[in-house]
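As stored in structure-v2.txt (compact mmCIF, C-alpha atoms):
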# COMPACT_ATOMS: atom_id res chain seq x y z
CA MET A 1 -118.67 -16.83 94.85
CA SER A 2 -118.70 -20.34 96.28
CA ALA A 3 -119.86 -23.12 93.95
CA GLY A 4 -121.12 -25.10 96.92
CA CYS A 5 -119.02 -28.21 96.32
CA ASP A 6 -115.70 -29.71 97.32
CA VAL A 7 -112.51 -29.15 95.36
CA PRO A 8 -112.00 -32.24 93.15
CA SER A 9 -109.07 -34.56 93.88
CA ILE A 10 -106.44 -35.34 91.25
CA LYS A 11 -106.81 -38.99 92.32
CA SER A 12 -110.53 -39.12 91.61
CA THR A 13 -111.79 -41.72 89.13
CA THR A 14 -115.15 -39.99 88.63
CA THR A 15 -116.15 -36.85 86.77
CA PRO A 16 -115.88 -33.80 89.08
CA LYS A 17 -119.31 -32.75 90.30
CA LEU A 18 -118.94 -29.11 89.49
CA PRO A 19 -121.98 -26.95 88.71
CA GLN A 20 -122.24 -26.86 84.94
CA ASP A 21 -124.44 -23.78 84.91
CA SER A 22 -122.25 -21.60 87.16
CA LEU A 23 -120.87 -18.76 85.05
CA PRO A 24 -118.85 -17.33 87.96
CA LEU A 25 -117.16 -20.71 88.42
CA LYS A 26 -116.38 -21.01 84.71
CA ARG A 27 -114.91 -17.50 84.71
CA SER A 28 -112.80 -18.35 87.75
CA LEU A 29 -111.51 -21.55 86.15
CA ARG A 30 -110.61 -19.68 82.97
CA THR A 31 -108.80 -17.04 85.01
CA LEU A 32 -106.98 -19.75 86.98
CA GLU A 33 -105.89 -21.51 83.78
CA GLY A 34 -104.57 -18.26 82.34
CA ALA A 35 -102.87 -17.31 85.60
CA CYS A 36 -101.06 -20.66 85.82
CA GLN A 37 -99.77 -20.32 82.28
CA GLN A 38 -98.76 -16.71 82.87
CA LEU A 39 -96.88 -17.71 86.03
CA VAL A 40 -94.95 -20.41 84.17
CA VAL A 41 -94.05 -18.05 81.31
CA THR A 42 -93.01 -15.36 83.79
CA LEU A 43 -90.64 -17.56 85.78
CA ILE A 44 -89.10 -19.87 83.16
CA PRO A 45 -86.29 -18.39 81.00
CA PRO A 46 -87.63 -17.69 77.48
CA ASP A 47 -85.27 -20.04 75.63
CA ILE A 48 -86.22 -22.94 77.92
CA ALA A 49 -89.93 -22.07 77.63
CA VAL A 50 -89.73 -22.04 73.82
CA TYR A 51 -87.63 -25.22 73.72
CA THR A 52 -90.21 -27.05 75.87
CA TRP A 53 -93.13 -25.55 73.95
CA THR A 54 -91.82 -26.87 70.64
CA PHE A 55 -92.29 -30.41 71.92
CA ALA A 56 -96.06 -29.91 72.04
CA PRO A 57 -97.97 -30.67 68.82
CA GLY A 58 -101.25 -29.00 67.96
CA ILE A 59 -102.48 -25.50 67.24
CA ASP A 60 -99.79 -23.70 69.25
CA MET A 61 -96.97 -25.41 67.37
CA ALA A 62 -98.74 -24.71 64.08
CA CYS A 63 -98.92 -21.02 64.99
CA ILE A 64 -95.26 -20.96 66.02
CA ARG A 65 -94.41 -22.45 62.64
CA VAL A 66 -96.23 -19.55 60.95
CA ILE A 67 -94.38 -16.78 62.77
CA ILE A 68 -91.00 -18.52 62.51
CA ASN A 69 -91.26 -19.17 58.78
CA ALA A 70 -92.58 -15.67 58.15
CA ASN A 71 -89.88 -14.15 60.41
CA ILE A 72 -92.53 -12.17 62.28
CA PRO A 73 -90.52 -11.83 65.52
CA ASP A 74 -87.70 -10.26 63.47
CA LEU A 75 -90.23 -7.94 61.84
CA LEU A 76 -91.75 -6.88 65.16
CA ALA A 77 -88.26 -6.22 66.53
CA LEU A 78 -87.92 -3.48 63.90
CA HIS A 79 -91.13 -1.87 65.14
CA PRO A 80 -91.03 -1.61 68.95
CA GLU A 81 -93.99 0.77 68.78
CA GLY A 82 -96.13 -2.08 67.41
CA LEU A 83 -97.23 -3.29 64.00
CA SER A 84 -100.79 -3.88 62.83
CA VAL A 85 -101.76 -7.25 61.49
CA GLN A 86 -102.54 -5.54 58.18
CA GLU A 87 -98.97 -4.24 57.98
CA ILE A 88 -97.56 -7.62 59.00
CA GLY A 89 -99.67 -9.22 56.29
CA ASN A 90 -98.45 -6.75 53.69
CA LYS A 91 -94.82 -7.42 54.57
CA THR A 92 -95.13 -11.22 54.77
CA GLY A 93 -97.71 -11.92 52.09
CA LEU A 94 -100.05 -13.59 54.61
CA GLU A 95 -103.78 -12.90 54.66
CA PRO A 96 -104.37 -10.47 57.58
CA SER A 97 -107.65 -11.87 58.95
CA LYS A 98 -106.24 -15.40 59.11
CA LEU A 99 -102.95 -14.13 60.50
CA LEU A 100 -104.86 -12.24 63.21
CA ARG A 101 -106.17 -15.53 64.61
CA VAL A 102 -102.65 -16.94 64.68
CA MET A 103 -101.25 -13.87 66.43
CA ARG A 104 -104.07 -13.68 68.96
CA ASN A 105 -103.68 -17.35 69.85
CA LEU A 106 -99.98 -16.83 70.52
CA ALA A 107 -100.61 -13.58 72.40
CA SER A 108 -103.08 -15.42 74.64
CA LYS A 109 -100.21 -17.81 75.46
CA HIS A 110 -97.89 -14.85 76.18
CA CYS A 111 -95.84 -15.19 73.01
CA CYS A 112 -95.99 -11.54 71.76
CA ARG A 113 -98.47 -8.92 73.01
CA GLU A 114 -101.52 -7.32 71.45
CA ILE A 115 -101.33 -3.70 72.66
CA ASP A 116 -104.31 -2.44 70.64
CA ALA A 117 -106.89 -4.11 68.44
CA GLY A 118 -104.85 -6.05 65.88
CA VAL A 119 -101.57 -4.36 66.84
CA PHE A 120 -98.74 -6.56 68.12
CA ILE A 121 -95.31 -6.15 69.71
CA ASN A 122 -92.69 -8.61 70.87
CA ASN A 123 -92.25 -9.81 74.42
CA ALA A 124 -89.55 -12.02 75.96
CA LEU A 125 -91.00 -15.23 74.51
CA SER A 126 -91.41 -14.02 70.94
CA LEU A 127 -88.04 -12.28 71.05
CA ALA A 128 -86.49 -15.72 71.69
CA LEU A 129 -87.86 -16.76 68.28
CA ARG A 130 -85.90 -14.16 66.32
CA SER A 131 -83.61 -15.67 63.71
CA ASP A 132 -80.47 -14.56 65.59
CA GLN A 133 -81.41 -16.43 68.79
CA PRO A 134 -80.10 -19.94 69.66
CA VAL A 135 -83.50 -21.54 70.23
CA TYR A 136 -84.78 -20.31 66.85
CA SER A 137 -82.91 -22.98 64.89
CA MET A 138 -84.19 -25.89 66.97
CA ALA A 139 -87.71 -24.46 67.00
CA LYS A 140 -87.71 -24.08 63.22
CA LEU A 141 -86.41 -27.63 62.72
CA ARG A 142 -89.04 -29.09 65.03
CA ALA A 143 -91.87 -26.98 63.62
CA ASN A 144 -91.11 -27.86 60.02
CA ARG A 145 -89.90 -31.46 60.04
CA LEU A 146 -89.63 -33.17 63.44
CA HIS A 147 -93.32 -32.72 64.19
CA GLU A 148 -94.21 -33.94 60.73
CA HIS A 149 -91.99 -37.02 60.81
CA ALA A 150 -91.82 -37.86 64.52
CA PHE A 151 -94.56 -36.63 66.84
CA GLY A 152 -97.20 -36.74 64.10
CA ARG A 153 -96.38 -40.39 63.36
CA LEU A 154 -96.02 -41.64 66.94
CA TRP A 155 -99.27 -43.65 66.88
CA ASP A 156 -98.47 -45.08 63.46
CA ALA A 157 -95.04 -46.22 64.65
CA LEU A 158 -96.27 -47.67 67.95
CA SER A 159 -99.09 -49.61 66.29
CA ASP A 160 -96.98 -50.87 63.40
CA PRO A 161 -96.21 -54.62 63.72
CA GLU A 162 -92.56 -54.07 62.80
CA TYR A 163 -91.71 -50.65 64.23
CA GLY A 164 -93.84 -50.83 67.35
CA HIS A 165 -91.97 -53.71 69.00
CA LEU A 166 -88.36 -52.73 68.31
CA ASP A 167 -86.39 -50.25 70.41
CA SER A 168 -83.81 -48.96 67.96
CA VAL A 169 -83.03 -45.65 66.29
CA ASP A 170 -84.11 -46.95 62.88
CA LYS A 171 -87.49 -48.13 64.22
CA CYS A 172 -88.58 -45.02 66.14
CA ALA A 173 -91.39 -42.64 65.17
CA PHE A 174 -89.06 -40.39 63.16
CA ALA A 175 -87.70 -43.37 61.24
CA TYR A 176 -91.27 -44.41 60.49
CA GLY A 177 -92.01 -40.92 59.19
CA ILE A 178 -89.13 -41.04 56.69
CA LYS A 179 -89.35 -44.73 55.75
CA ASP A 180 -90.74 -44.03 52.29
CA GLU A 181 -88.09 -41.39 51.60
CA MET A 182 -85.20 -43.17 53.35
CA PRO A 183 -85.89 -46.82 54.31
CA GLY A 184 -83.96 -47.79 57.43
CA GLY A 185 -82.90 -44.20 57.97
CA THR A 186 -82.38 -42.39 61.26
CA LEU A 187 -82.50 -38.75 62.28
CA PHE A 188 -78.77 -38.39 61.73
CA THR A 189 -78.66 -40.09 58.34
CA TRP A 190 -81.62 -37.94 57.29
CA LEU A 191 -79.82 -34.80 58.48
CA GLY A 192 -76.81 -35.88 56.44
CA GLU A 193 -78.97 -35.78 53.31
CA HIS A 194 -80.64 -32.46 54.20
CA PRO A 195 -77.87 -29.92 54.86
CA GLU A 196 -80.27 -27.04 55.46
CA PHE A 197 -81.86 -28.89 58.37
CA SER A 198 -78.50 -30.25 59.53
CA LYS A 199 -77.36 -26.65 59.86
CA LEU A 200 -80.44 -25.83 61.94
CA PHE A 201 -79.80 -28.87 64.13
CA ASN A 202 -76.17 -27.95 64.81
CA GLN A 203 -77.06 -24.34 65.53
CA GLY A 204 -79.91 -25.41 67.78
CA MET A 205 -77.68 -27.67 69.85
CA GLY A 206 -76.22 -24.55 71.42
CA VAL A 207 -79.45 -23.89 73.32
CA LEU A 208 -79.08 -27.23 75.11
CA ALA A 209 -76.39 -25.65 77.25
CA SER A 210 -79.07 -23.65 79.04
CA VAL A 211 -81.87 -26.22 78.74
CA THR A 212 -79.77 -28.98 80.34
CA ASN A 213 -78.24 -26.49 82.78
CA VAL A 214 -74.61 -26.91 81.78
CA PRO A 215 -73.55 -24.09 84.17
CA ALA A 216 -74.85 -26.13 87.11
CA VAL A 217 -72.80 -29.16 86.02
CA VAL A 218 -69.73 -26.94 85.65
CA LYS A 219 -70.31 -25.52 89.13
CA GLU A 220 -71.33 -28.60 91.10
CA PHE A 221 -68.94 -31.33 89.87
CA PRO A 222 -65.49 -31.14 91.56
CA TRP A 223 -63.53 -30.54 88.36
CA GLY A 224 -60.77 -28.72 90.22
CA LYS A 225 -59.93 -31.86 92.19
CA LEU A 226 -59.12 -33.89 89.08
CA PRO A 227 -55.36 -34.32 88.69
CA PRO A 228 -53.53 -32.52 85.88
CA GLY A 229 -53.70 -34.44 82.62
CA SER A 230 -57.11 -35.97 83.36
CA THR A 231 -59.08 -36.76 80.23
CA PHE A 232 -62.72 -35.84 79.58
CA CYS A 233 -64.41 -37.66 76.67
CA ASP A 234 -67.68 -36.06 75.53
CA VAL A 235 -69.51 -38.85 73.66
CA GLY A 236 -71.92 -37.46 71.08
CA ALA A 237 -70.52 -34.00 71.74
CA GLY A 238 -72.27 -32.09 68.97
CA ILE A 239 -70.70 -28.63 69.09
CA GLY A 240 -69.19 -29.42 72.51
CA ALA A 241 -71.13 -27.10 74.81
CA MET A 242 -69.98 -28.85 77.97
CA PRO A 243 -66.20 -29.09 77.38
CA LEU A 244 -66.12 -25.62 75.87
CA ALA A 245 -67.74 -24.28 79.04
CA LEU A 246 -65.24 -26.19 81.19
CA VAL A 247 -62.06 -25.32 79.30
CA LYS A 248 -62.39 -21.65 80.22
CA THR A 249 -61.78 -22.49 83.89
CA TYR A 250 -60.24 -25.96 84.02
CA ASP A 251 -57.41 -25.98 81.52
CA HIS A 252 -55.59 -28.78 83.35
CA ILE A 253 -57.99 -31.27 81.75
CA HIS A 254 -57.66 -32.59 78.20
CA TYR A 255 -61.03 -32.59 76.43
CA ILE A 256 -61.93 -34.95 73.60
CA LEU A 257 -65.10 -34.32 71.59
CA GLN A 258 -66.43 -37.40 69.80
CA ASP A 259 -69.21 -37.25 67.22
CA THR A 260 -69.76 -37.69 63.52
CA PRO A 261 -67.56 -35.21 61.64
CA ASN A 262 -70.35 -33.02 60.29
CA HIS A 263 -71.37 -32.17 63.86
CA TRP A 264 -68.17 -30.36 64.76
CA ALA A 265 -66.05 -29.71 61.67
CA GLN A 266 -67.40 -26.21 61.14
CA HIS A 267 -67.65 -25.17 64.79
CA ASN A 268 -65.14 -23.69 67.24
CA PRO A 269 -61.88 -24.17 65.30
CA ALA A 270 -60.20 -21.80 67.76
CA ALA A 271 -60.66 -24.38 70.52
CA LEU A 272 -57.81 -26.40 69.00
CA GLU A 273 -55.27 -23.63 69.45
CA GLY A 274 -54.78 -24.24 73.17
CA GLY A 275 -53.83 -27.86 72.63
CA ASN A 276 -56.06 -29.26 75.38
CA VAL A 277 -59.12 -29.79 73.16
CA SER A 278 -59.20 -32.37 70.38
CA PHE A 279 -61.77 -34.00 68.15
CA ALA A 280 -62.27 -37.64 67.21
CA PRO A 281 -65.01 -38.83 64.84
CA MET A 282 -67.37 -41.65 65.82
CA ASP A 283 -70.91 -42.93 65.32
CA PHE A 284 -72.02 -43.39 68.91
CA PHE A 285 -74.78 -45.82 67.93
CA ILE A 286 -72.14 -48.19 66.55
CA ASP A 287 -68.65 -47.32 67.80
CA SER A 288 -67.09 -47.31 71.24
CA PRO A 289 -65.44 -44.07 72.40
CA LEU A 290 -61.69 -43.71 72.84
CA PRO A 291 -60.49 -46.06 75.61
CA GLY A 292 -58.85 -45.28 78.92
CA LYS A 293 -60.28 -41.81 79.66
CA ASP A 294 -61.11 -40.52 83.14
CA ILE A 295 -64.61 -39.17 82.51
CA TYR A 296 -67.17 -40.09 79.84
CA PHE A 297 -70.00 -37.57 79.42
CA ASN A 298 -73.50 -37.73 77.87
CA CYS A 299 -73.77 -41.48 77.51
CA VAL A 300 -77.28 -42.64 78.49
CA LYS A 301 -78.13 -44.20 75.14
CA ILE A 302 -74.69 -45.62 74.55
CA LEU A 303 -73.52 -47.01 77.88
CA LYS A 304 -73.03 -50.46 76.41
CA ASN A 305 -70.51 -48.97 73.96
CA VAL A 306 -68.80 -46.90 76.64
CA ARG A 307 -68.17 -49.70 79.10
CA PRO A 308 -65.51 -51.55 77.05
CA SER A 309 -63.51 -48.33 76.77
CA MET A 310 -63.43 -47.51 80.49
CA LYS A 311 -60.39 -48.07 82.64
CA ALA A 312 -60.28 -48.69 86.38
CA GLY A 313 -61.35 -45.44 88.02
CA SER A 314 -63.18 -44.04 84.99
CA ARG A 315 -66.47 -42.30 85.71
CA VAL A 316 -69.60 -41.77 83.62
CA LEU A 317 -71.16 -38.32 84.03
CA ILE A 318 -74.79 -38.18 82.85
CA ASN A 319 -76.70 -34.95 82.18
CA GLU A 320 -80.00 -35.93 80.57
CA TYR A 321 -83.74 -35.47 80.43
CA ILE A 322 -85.47 -38.00 82.65
CA LEU A 323 -88.99 -39.30 83.02
CA PRO A 324 -89.02 -40.73 86.53
CA PRO A 325 -91.98 -42.70 87.81
CA PRO A 326 -94.44 -40.76 89.96
CA THR A 327 -93.87 -40.71 93.69
CA PHE A 328 -96.32 -42.81 95.64
CA ASP A 329 -98.17 -42.15 98.86
CA LYS A 330 -98.09 -45.45 100.74
CA ALA A 331 -100.75 -44.21 103.18
CA THR A 332 -103.31 -43.87 100.39
CA ASN A 333 -101.80 -46.52 98.10
CA GLY A 334 -101.78 -44.14 95.19
CA SER A 335 -99.70 -41.78 93.08
CA ASN A 336 -99.52 -38.12 93.96
CA GLY A 337 -99.03 -37.41 90.27
CA THR A 338 -95.73 -35.59 90.61
CA ASN A 339 -93.67 -36.69 87.63
CA GLY A 340 -90.42 -35.17 86.54
CA VAL A 341 -89.63 -33.67 83.15
CA ASP A 342 -91.38 -35.44 80.30
CA ASP A 343 -88.78 -37.06 78.08
CA HIS A 344 -90.57 -36.36 74.79
CA SER A 345 -87.29 -36.48 72.90
CA LYS A 346 -87.00 -40.24 73.43
CA LEU A 347 -90.39 -41.03 71.88
Turn the structure described in the file into structure tokens.
Amino acid sequence: MSAGCDVPSIKSTTTPKLPQDSLPLKRSLRTLEGACQQLVVTLIPPDIAVYTWTFAPGIDMACIRVIINANIPDLLALHPEGLSVQEIGNKTGLEPSKLLRVMRNLASKHCCREIDAGVFINNALSLALRSDQPVYSMAKLRANRLHEHAFGRLWDALSDPEYGHLDSVDKCAFAYGIKDEMPGGTLFTWLGEHPEFSKLFNQGMGVLASVTNVPAVVKEFPWGKLPPGSTFCDVGAGIGAMPLALVKTYDHIHYILQDTPNHWAQHNPAALEGGNVSFAPMDFFIDSPLPGKDIYFNCVKILKNVRPSMKAGSRVLINEYILPPPTFDKATNGSNGTNGVDDHSKL
């Protein structure tokens, strides 16, 4: 049924003049909202969808925290026929009527399915939150501490006379959130004092290989044209997802992973056996990487430390989240509103 009015423009500076008493229109808008969300969930790989979702504070993140901490996706995986909210409550110790609201909110966002009244099963999105999945660790870390210390304190940090006007890792929102516990601390110093969350962080870094599309970088960059003996220095390597993806095909390159020791000491010891992968500790916020290498990877935040180490012919390869400015329509002197990926992680 037509509402008898024009479709509002995204560029409008006035409230859309939509009929407020049109129930058919309201039903259509609700259907459209649900359809858009369903389309996104259908097309985006589950680990990327969950990874992006965990950036968003609010009721959805609070509900994700409940099912992660209660290991509900693991529980549902043991019952593919479905499990009632009463049974889930009995097994987790959570009050069923309150838990039902949590589960229904997530099911409405296509994270699990309600197949009968109060009976739930996993789907692709909730399966990605099982404890044996890569994105689980990062989601649990964000749900339990990063939202508390970082996103929840963003306004406080921005409006603080000291923190709000300094662009440094010890004056960001997370640093503000931990200032009473660890004055002058950063995410990485805090992780060093909290081994249980450091473990989650290191495990969760593995999912970045798919989120940042490492396979595309492996495929598109002309690695095969680099001469034998070329050196690849991964600055802030973490567990080394990029070089460990490359070494399987391009063993003529020597790979050096640089990070603080606790980020790689317990990961991939077998990578050393071939002799073309090595590790070198560094704090990339302070130190410069090893000098004279052919390619330096993952260096957006630390370019000023990379530059002194580069030799003639060295290249910097950047694979990062970006927040580009919107594109502008010169004919209408306005933005078309098409931004790239929101770089929440740099807030």
For Gln203 in chain A, the closest of A:Tyr136, A:Phe120, A:Phe55, A:Trp155 counting only C-alpha atoms is A:Tyr136
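For the choices A:Lys98, A:Lys311, A:Lys304, A:His79, the atom-to-atom distance to Ile121 in chain A is smallest for A:His79 when using only C-alpha atoms.
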Excluding Thr92 in chain A and its own-chain neighbours fewer than 4 positions away, which residues fall within 9 Å of it when counting all atoms listed in the file? Please give them as a PyMOL selection string. chain A and resi 70-72+87-88
Do you know which residues are at most 8 Å from Asp156 in chain A counting only C-alpha atoms, after dropping those on the same chain fewer than 3 positions away, and could you put them as a PyMOL selection string? chain A and resi 153+159-160+173+176
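Closest approach to Arg130 in chain A among A:Val207, A:Leu100, A:Ala245, A:Leu75 is made by A:Leu75 (distances from all atoms listed in the file).
The residue that comes closest to Pro46 in chain A, out of A:Leu154, A:Leu23, A:Ile318, A:Cys112 and on the basis of all atoms listed in the file, is A:Cys112.
Distances here use only C-alpha atoms; by that measure, the residue among A:Thr189, A:Ser309, A:Asn90, A:Asn105 closest to Ile64 in chain A is A:Asn105.
Nearest residue to Asn69 in chain A, choosing from A:His194, A:Lys171, A:Arg142, A:Lys293 and counting only C-alpha atoms: A:Arg142.
With CA of Trp190 in chain A on one side and CA of Ile178 in chain A on the other, the separation reads 8.1 Å.
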Between CA of Thr231 in chain A and CA of Val306 in chain A lies a distance of 14.5 Å
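Between CA of Leu244 in chain A and CA of Leu127 in chain A there is a distance of 26.1 Å.
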Name the residues in contact with Leu257 in chain A at a cut-off of 8 Å, using all atoms listed in the file, excluding same-chain residues fewer than 6 positions from it; report them as a ChimeraX atom specification.
/A:233-238,240,243,277-280
Using only C-alpha atoms, collect all residues at a distance of at most 12 Å from (-61.1, -35.6, 92.4) as written in the file, then present them as a ChimeraX atom specification. /A:221-228,230,253,294-295,313-315
